[in-house]
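What follows is run-v9.csv (CSV, C-alpha atoms).
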chain,number,residue,atom,x,y,z
A,1,ALA,CA,37.9,2.5,-36.8
A,2,PRO,CA,38.7,2.8,-33.1
A,3,GLU,CA,37.7,6.5,-33.2
A,4,LEU,CA,34.3,5.5,-34.8
A,5,VAL,CA,33.7,2.9,-32.1
A,6,ALA,CA,34.5,5.5,-29.4
A,7,ASP,CA,32.2,8.0,-31.0
A,8,GLY,CA,29.5,5.4,-31.2
A,9,VAL,CA,29.9,4.6,-27.5
A,10,THR,CA,29.8,8.3,-26.6
A,11,GLU,CA,26.6,8.8,-28.6
A,12,ARG,CA,25.0,5.8,-27.0
A,13,ARG,CA,25.8,7.1,-23.5
A,14,ARG,CA,24.5,10.5,-24.4
A,15,ALA,CA,21.3,9.0,-25.7
A,16,ASP,CA,20.9,6.9,-22.6
A,17,ARG,CA,21.5,9.9,-20.4
A,18,ASP,CA,19.0,12.0,-22.4
A,19,ALA,CA,16.4,9.1,-22.2
A,20,ALA,CA,16.9,8.9,-18.4
A,21,GLU,CA,16.4,12.6,-18.0
A,22,VAL,CA,13.2,12.5,-20.1
A,23,ALA,CA,11.9,9.6,-18.0
A,24,ALA,CA,12.7,11.4,-14.7
A,25,ALA,CA,10.9,14.5,-16.0
A,26,ARG,CA,7.8,12.5,-17.0
A,27,GLN,CA,7.8,10.8,-13.5
A,28,ALA,CA,8.0,14.2,-11.8
A,29,ALA,CA,5.2,15.5,-13.9
A,30,ARG,CA,3.0,12.5,-13.1
A,31,GLU,CA,3.7,12.8,-9.3
A,32,ALA,CA,2.9,16.5,-9.4
A,33,ARG,CA,-0.3,15.9,-11.3
A,34,LYS,CA,-1.3,13.1,-8.8
A,35,ALA,CA,-0.7,15.5,-5.9
A,36,ASP,CA,-2.9,18.1,-7.6
A,37,GLU,CA,-5.6,15.5,-8.2
A,38,VAL,CA,-5.6,14.5,-4.5
A,39,ARG,CA,-5.9,18.2,-3.4
A,40,LEU,CA,-8.8,18.7,-5.8
A,41,SER,CA,-10.5,15.5,-4.6
A,42,LEU,CA,-10.2,16.7,-1.0
A,43,LEU,CA,-11.7,20.1,-1.9
A,44,ILE,CA,-14.6,18.4,-3.7
A,45,ASP,CA,-15.3,16.2,-0.7
A,46,THR,CA,-15.3,19.3,1.5
A,47,LEU,CA,-17.7,21.2,-0.7
A,48,GLY,CA,-19.9,18.1,-1.1
A,49,GLY,CA,-20.1,17.8,2.7
A,50,ALA,CA,-20.9,21.4,3.1
A,51,VAL,CA,-23.7,21.2,0.6
A,52,THR,CA,-25.1,18.1,2.3
A,53,GLY,CA,-25.1,19.9,5.6
A,54,LEU,CA,-26.8,22.9,4.2
A,55,ARG,CA,-29.5,20.8,2.6
A,56,ARG,CA,-30.1,19.0,5.9
A,57,GLU,CA,-30.5,22.4,7.7
A,58,LEU,CA,-32.9,23.7,5.1
A,59,ALA,CA,-35.0,20.6,5.1
A,60,LEU,CA,-35.3,20.9,8.9
A,61,GLY,CA,-36.2,24.6,8.7
A,62,GLY,CA,-32.9,25.5,10.2
A,63,ARG,CA,-30.9,28.7,9.6
A,64,GLY,CA,-29.7,29.1,6.0
A,65,PRO,CA,-27.6,31.9,4.6
A,66,ARG,CA,-28.8,35.4,5.7
A,67,PRO,CA,-29.1,38.3,3.3
A,68,GLY,CA,-25.9,39.9,4.6
A,69,ASP,CA,-23.9,36.8,3.8
A,70,LEU,CA,-24.9,37.0,0.1
A,71,VAL,CA,-23.8,40.6,-0.6
A,72,ALA,CA,-21.3,40.6,-3.5
A,73,GLY,CA,-18.2,42.7,-3.8
A,74,ALA,CA,-16.7,41.9,-0.3
A,75,SER,CA,-15.4,38.9,1.5
A,76,ALA,CA,-14.7,38.0,5.1
A,77,ALA,CA,-11.2,37.7,6.5
A,78,ARG,CA,-10.0,34.1,6.2
A,79,SER,CA,-9.3,33.3,9.9
A,80,GLY,CA,-9.9,30.2,11.9
A,81,SER,CA,-11.6,30.1,15.3
A,82,ALA,CA,-10.4,29.1,18.7
A,83,VAL,CA,-12.1,25.9,20.0
A,84,ASP,CA,-12.5,26.4,23.8
A,85,GLY,CA,-14.3,23.2,24.9
A,86,VAL,CA,-14.9,19.6,24.2
A,87,SER,CA,-18.4,20.2,22.9
A,88,ALA,CA,-17.1,22.7,20.3
A,89,LEU,CA,-14.4,20.2,19.3
A,90,GLU,CA,-17.0,17.4,18.9
A,91,ALA,CA,-19.0,19.7,16.6
A,92,LEU,CA,-16.0,20.3,14.4
A,93,LEU,CA,-15.1,16.6,14.4
A,94,ALA,CA,-18.5,16.0,12.8
A,95,VAL,CA,-17.7,18.3,9.8
A,96,PRO,CA,-17.2,16.2,6.6
A,97,SER,CA,-13.6,15.9,5.3
A,98,LEU,CA,-12.0,17.4,8.5
A,99,HIS,CA,-8.2,17.1,8.9
A,100,LEU,CA,-7.0,17.1,12.6
A,101,VAL,CA,-3.4,18.0,12.9
A,102,VAL,CA,-1.8,17.3,16.4
A,103,ASP,CA,1.2,19.0,17.9
A,104,GLY,CA,2.5,15.7,19.3
A,105,TYR,CA,4.7,16.5,22.3
A,106,ASN,CA,2.6,19.6,23.2
A,107,VAL,CA,-0.4,17.4,23.6
A,108,SER,CA,1.3,14.3,25.1
A,109,LYS,CA,3.2,16.3,27.7
A,110,THR,CA,-0.1,17.9,28.7
A,111,GLY,CA,-1.9,14.6,29.0
A,112,TYR,CA,0.8,12.2,30.3
A,113,PRO,CA,3.7,14.2,31.8
A,114,ASP,CA,4.8,11.3,34.0
A,115,LEU,CA,5.5,8.9,31.1
A,116,THR,CA,8.7,8.7,29.1
A,117,LEU,CA,8.6,10.5,25.7
A,118,ALA,CA,8.5,7.1,23.9
A,119,ASP,CA,5.5,6.0,26.0
A,120,GLN,CA,3.8,9.4,25.5
A,121,ARG,CA,4.1,8.9,21.8
A,122,THR,CA,2.7,5.4,21.9
A,123,ARG,CA,-0.3,6.3,24.1
A,124,LEU,CA,-1.2,9.4,22.1
A,125,VAL,CA,-1.0,7.6,18.7
A,126,SER,CA,-3.2,4.8,20.1
A,127,GLN,CA,-5.8,7.2,21.4
A,128,LEU,CA,-5.8,9.2,18.2
A,129,GLY,CA,-6.3,5.9,16.3
A,130,ALA,CA,-9.4,5.2,18.4
A,131,LEU,CA,-10.7,8.8,17.7
A,132,ALA,CA,-10.1,8.4,14.0
A,133,ALA,CA,-12.0,5.1,14.0
A,134,ARG,CA,-15.0,6.6,15.7
A,135,THR,CA,-15.2,9.8,13.7
A,136,GLY,CA,-13.7,9.0,10.3
A,137,VAL,CA,-11.6,12.2,10.4
A,138,GLU,CA,-8.1,12.3,8.9
A,139,VAL,CA,-5.5,12.7,11.7
A,140,THR,CA,-1.9,13.7,11.4
A,141,VAL,CA,0.3,13.9,14.5
A,142,VAL,CA,3.7,15.6,14.3
A,143,PHE,CA,6.6,15.0,16.7
A,144,ASP,CA,10.0,16.7,16.9
A,145,GLY,CA,12.4,14.3,15.4
A,146,ALA,CA,15.5,15.5,17.4
A,147,GLY,CA,16.6,13.1,20.1
A,148,VAL,CA,14.4,10.2,19.1
A,149,VAL,CA,16.5,7.1,19.8
A,150,THR,CA,13.9,4.4,20.1
A,151,ALA,CA,11.8,3.1,17.2
A,152,PRO,CA,9.0,5.6,16.5
A,153,PRO,CA,5.4,4.3,16.8
A,154,ARG,CA,3.7,3.1,13.7
A,155,GLY,CA,0.6,5.0,12.8
A,156,SER,CA,-2.7,3.4,13.7
A,157,ARG,CA,-5.2,3.1,11.0
A,158,GLY,CA,-6.4,6.6,10.0
A,159,VAL,CA,-3.5,8.3,11.8
A,160,ARG,CA,-0.4,9.6,10.0
A,161,VAL,CA,2.7,9.9,12.3
A,162,LEU,CA,5.3,12.4,11.2
A,163,PHE,CA,8.7,13.3,12.7
A,164,SER,CA,10.4,16.5,11.8
A,165,ASP,CA,13.7,16.2,9.9
A,166,PRO,CA,17.0,17.2,11.6
A,167,GLY,CA,17.1,21.0,12.0
A,168,VAL,CA,13.4,21.4,11.4
A,169,LEU,CA,10.9,22.1,14.1
A,170,ALA,CA,7.6,20.2,14.4
A,171,ASP,CA,5.9,23.6,14.6
A,172,ASP,CA,7.1,24.4,11.1
A,173,VAL,CA,5.9,21.0,9.8
A,174,ILE,CA,2.5,21.8,11.3
A,175,ARG,CA,2.4,25.2,9.5
A,176,ASP,CA,3.3,23.5,6.2
A,177,LEU,CA,0.6,20.9,6.6
A,178,VAL,CA,-2.0,23.7,7.1
A,179,ALA,CA,-0.7,25.6,4.2
A,180,ALA,CA,-0.7,22.5,1.9
A,181,GLU,CA,-4.5,22.1,2.3
A,182,PRO,CA,-6.8,23.5,-0.4
A,183,GLN,CA,-8.5,26.7,0.8
A,184,GLY,CA,-11.9,25.8,2.1
A,185,ARG,CA,-11.1,22.4,3.6
A,186,PRO,CA,-11.7,22.4,7.4
A,187,VAL,CA,-8.5,21.9,9.4
A,188,VAL,CA,-8.2,21.8,13.2
A,189,VAL,CA,-4.8,22.1,14.9
A,190,ALA,CA,-4.4,20.8,18.5
A,191,THR,CA,-1.7,22.7,20.3
A,192,SER,CA,-1.2,25.2,23.2
A,193,ASP,CA,1.8,26.8,21.6
A,194,ARG,CA,0.7,30.5,21.2
A,195,ALA,CA,2.9,31.1,18.1
A,196,VAL,CA,1.6,28.1,16.3
A,197,VAL,CA,-2.0,28.9,17.3
A,198,GLN,CA,-1.7,32.4,15.9
A,199,SER,CA,-0.1,31.4,12.6
A,200,VAL,CA,-2.5,28.5,11.8
A,201,ARG,CA,-5.5,30.6,12.6
A,202,THR,CA,-4.3,33.3,10.3
A,203,SER,CA,-4.1,30.6,7.6
A,204,GLY,CA,-7.7,29.6,8.2
A,205,ALA,CA,-7.3,26.6,10.5
A,206,HIS,CA,-9.2,26.2,13.8
A,207,ALA,CA,-7.1,25.8,17.0
A,208,VAL,CA,-7.9,23.6,19.9
A,209,PRO,CA,-5.9,23.7,23.2
A,210,SER,CA,-4.0,20.5,24.0
A,211,ALA,CA,-6.0,20.0,27.2
A,212,VAL,CA,-9.3,20.0,25.3
A,213,LEU,CA,-8.1,17.3,22.9
A,214,ILE,CA,-6.9,15.2,25.9
A,215,ALA,CA,-10.3,15.6,27.5
A,216,LYS,CA,-12.0,14.4,24.3
A,217,LEU,CA,-9.6,11.4,24.0
A,218,VAL,CA,-10.3,10.4,27.6
A,219,ARG,CA,-14.1,10.9,27.2
A,220,GLY,CA,-14.1,8.9,24.0
Output the structure of this file as structure tokens.
Amino acid sequence: APELVADGVTERRRADRDAAEVAAARQAAREARKADEVRLSLLIDTLGGAVTGLRRELALGGRGPRPGDLVAGASAARSGSAVDGVSALEALLAVPSLHLVVDGYNVSKTGYPDLTLADQRTRLVSQLGALAARTGVEVTVVFDGAGVVTAPPRGSRGVRVLFSDPGVLADDVIRDLVAAEPQGRPVVVATSDRAVVQSVRTSGAHAVPSAVLIAKLVRG
């Protein structure tokens, strides 16, 4: 009888463990499906905005696709542009479904070098929040997490604040953010780091120098 009781307990434990594993697998599948749905929704929003813009241009007699753009059997290289001025940045900020990714310290040290790092973070996040409120763009700012000893700033409405994990560079987080976006969604990366600029442009993102973004934040 004791052996039967022990066998029953073992079977129950095994059944509970199996049930927990099944539940974890289902949860992981739901989370993966939800992430895919978000990516698809962003891509649909991007395409919808592009179609709206094209319709507006055609209604105004503007420039539509040229014959050379419609030749089948070839495609242009997927490479983002360099944004060299505030006017060009403002034009991009008006593009529907834009994601602005900011190299936190690269921008803050350019704009407010005399402040402490903590104050730089606070001012940059505040100004990016105002920009997000005015333009409606999604904004993500990434700071290196190493050496952060004070409480990090909370993201303003419309601004996602990220800190790189120990042993991970903010540069690599920025590259991952660009790579995670569905192909076709417009992404602008604000940084003056040449290596980051080169890699994100190769991935299709536009690059804007830190000084240009600071000028836009100051101008409002």
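Near stretch 92-98 of chain A, within 6 Å and counting all atoms listed in the file, sit Thr46, Gly49, Val137, Pro186 and Val187 of chain A; same-chain residues fewer than 4 positions away were not included.
Ranking A:Ala23, A:Leu217, A:Val173, A:Val139 by their shortest atom-to-atom distance to A:Val161, with only C-alpha atoms included, puts A:Val139 first.
Going from atom CA of A:Ala25 to atom CA of A:Glu37 covers 18.3 Å.
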Who sits within 9 Å of stretch 119-132 of chain A, all atoms listed in the file, same chain under 6 positions skipped, as a PDB file with C-alpha atoms, keeping the file's coordinate frame:
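The resulting file, selection-v6.pdb, is reproduced below:
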ATOM      1  CA  GLY A 104       2.500  15.700  19.300  1.00  0.00           C
ATOM      2  CA  TYR A 105       4.700  16.500  22.300  1.00  0.00           C
ATOM      3  CA  VAL A 107      -0.400  17.400  23.600  1.00  0.00           C
ATOM      4  CA  SER A 108       1.300  14.300  25.100  1.00  0.00           C
ATOM      5  CA  LYS A 109       3.200  16.300  27.700  1.00  0.00           C
ATOM      6  CA  GLY A 111      -1.900  14.600  29.000  1.00  0.00           C
ATOM      7  CA  TYR A 112       0.800  12.200  30.300  1.00  0.00           C
ATOM      8  CA  PRO A 113       3.700  14.200  31.800  1.00  0.00           C
ATOM      9  CA  GLU A 138      -8.100  12.300   8.900  1.00  0.00           C
ATOM     10  CA  VAL A 139      -5.500  12.700  11.700  1.00  0.00           C
ATOM     11  CA  VAL A 141       0.300  13.900  14.500  1.00  0.00           C
ATOM     12  CA  PHE A 143       6.600  15.000  16.700  1.00  0.00           C
ATOM     13  CA  PRO A 152       9.000   5.600  16.500  1.00  0.00           C
ATOM     14  CA  PRO A 153       5.400   4.300  16.800  1.00  0.00           C
ATOM     15  CA  ARG A 154       3.700   3.100  13.700  1.00  0.00           C
ATOM     16  CA  GLY A 155       0.600   5.000  12.800  1.00  0.00           C
ATOM     17  CA  SER A 156      -2.700   3.400  13.700  1.00  0.00           C
ATOM     18  CA  ARG A 157      -5.200   3.100  11.000  1.00  0.00           C
ATOM     19  CA  GLY A 158      -6.400   6.600  10.000  1.00  0.00           C
ATOM     20  CA  VAL A 159      -3.500   8.300  11.800  1.00  0.00           C
ATOM     21  CA  ARG A 160      -0.400   9.600  10.000  1.00  0.00           C
ATOM     22  CA  VAL A 161       2.700   9.900  12.300  1.00  0.00           C
ATOM     23  CA  ILE A 214      -6.900  15.200  25.900  1.00  0.00           C
ATOM     24  CA  LYS A 216     -12.000  14.400  24.300  1.00  0.00           C
ATOM     25  CA  LEU A 217      -9.600  11.400  24.000  1.00  0.00           C
ATOM     26  CA  VAL A 218     -10.300  10.400  27.600  1.00  0.00           C
ATOM     27  CA  GLY A 220     -14.100   8.900  24.000  1.00  0.00           C
TER      28      GLY A 220
END
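Note that atom CA of A:Asp171 and atom CA of A:Val189 are 10.8 Å apart.
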Shell around A:Ala205 at 6 Å using all atoms listed in the file, local window under 2 positions removed, as a ChimeraX atom specification = /A:80,187-188,200-201,203
Tell me which protein, DNA and RNA residues are within 10 Å of A:Gly167, counting all atoms listed in the file, leaving out same-chain ones fewer than 3 positions away, and put them as a list in words.
-> Asp144, Gly145, Ala146, Ser164 and Ala170 of chain A
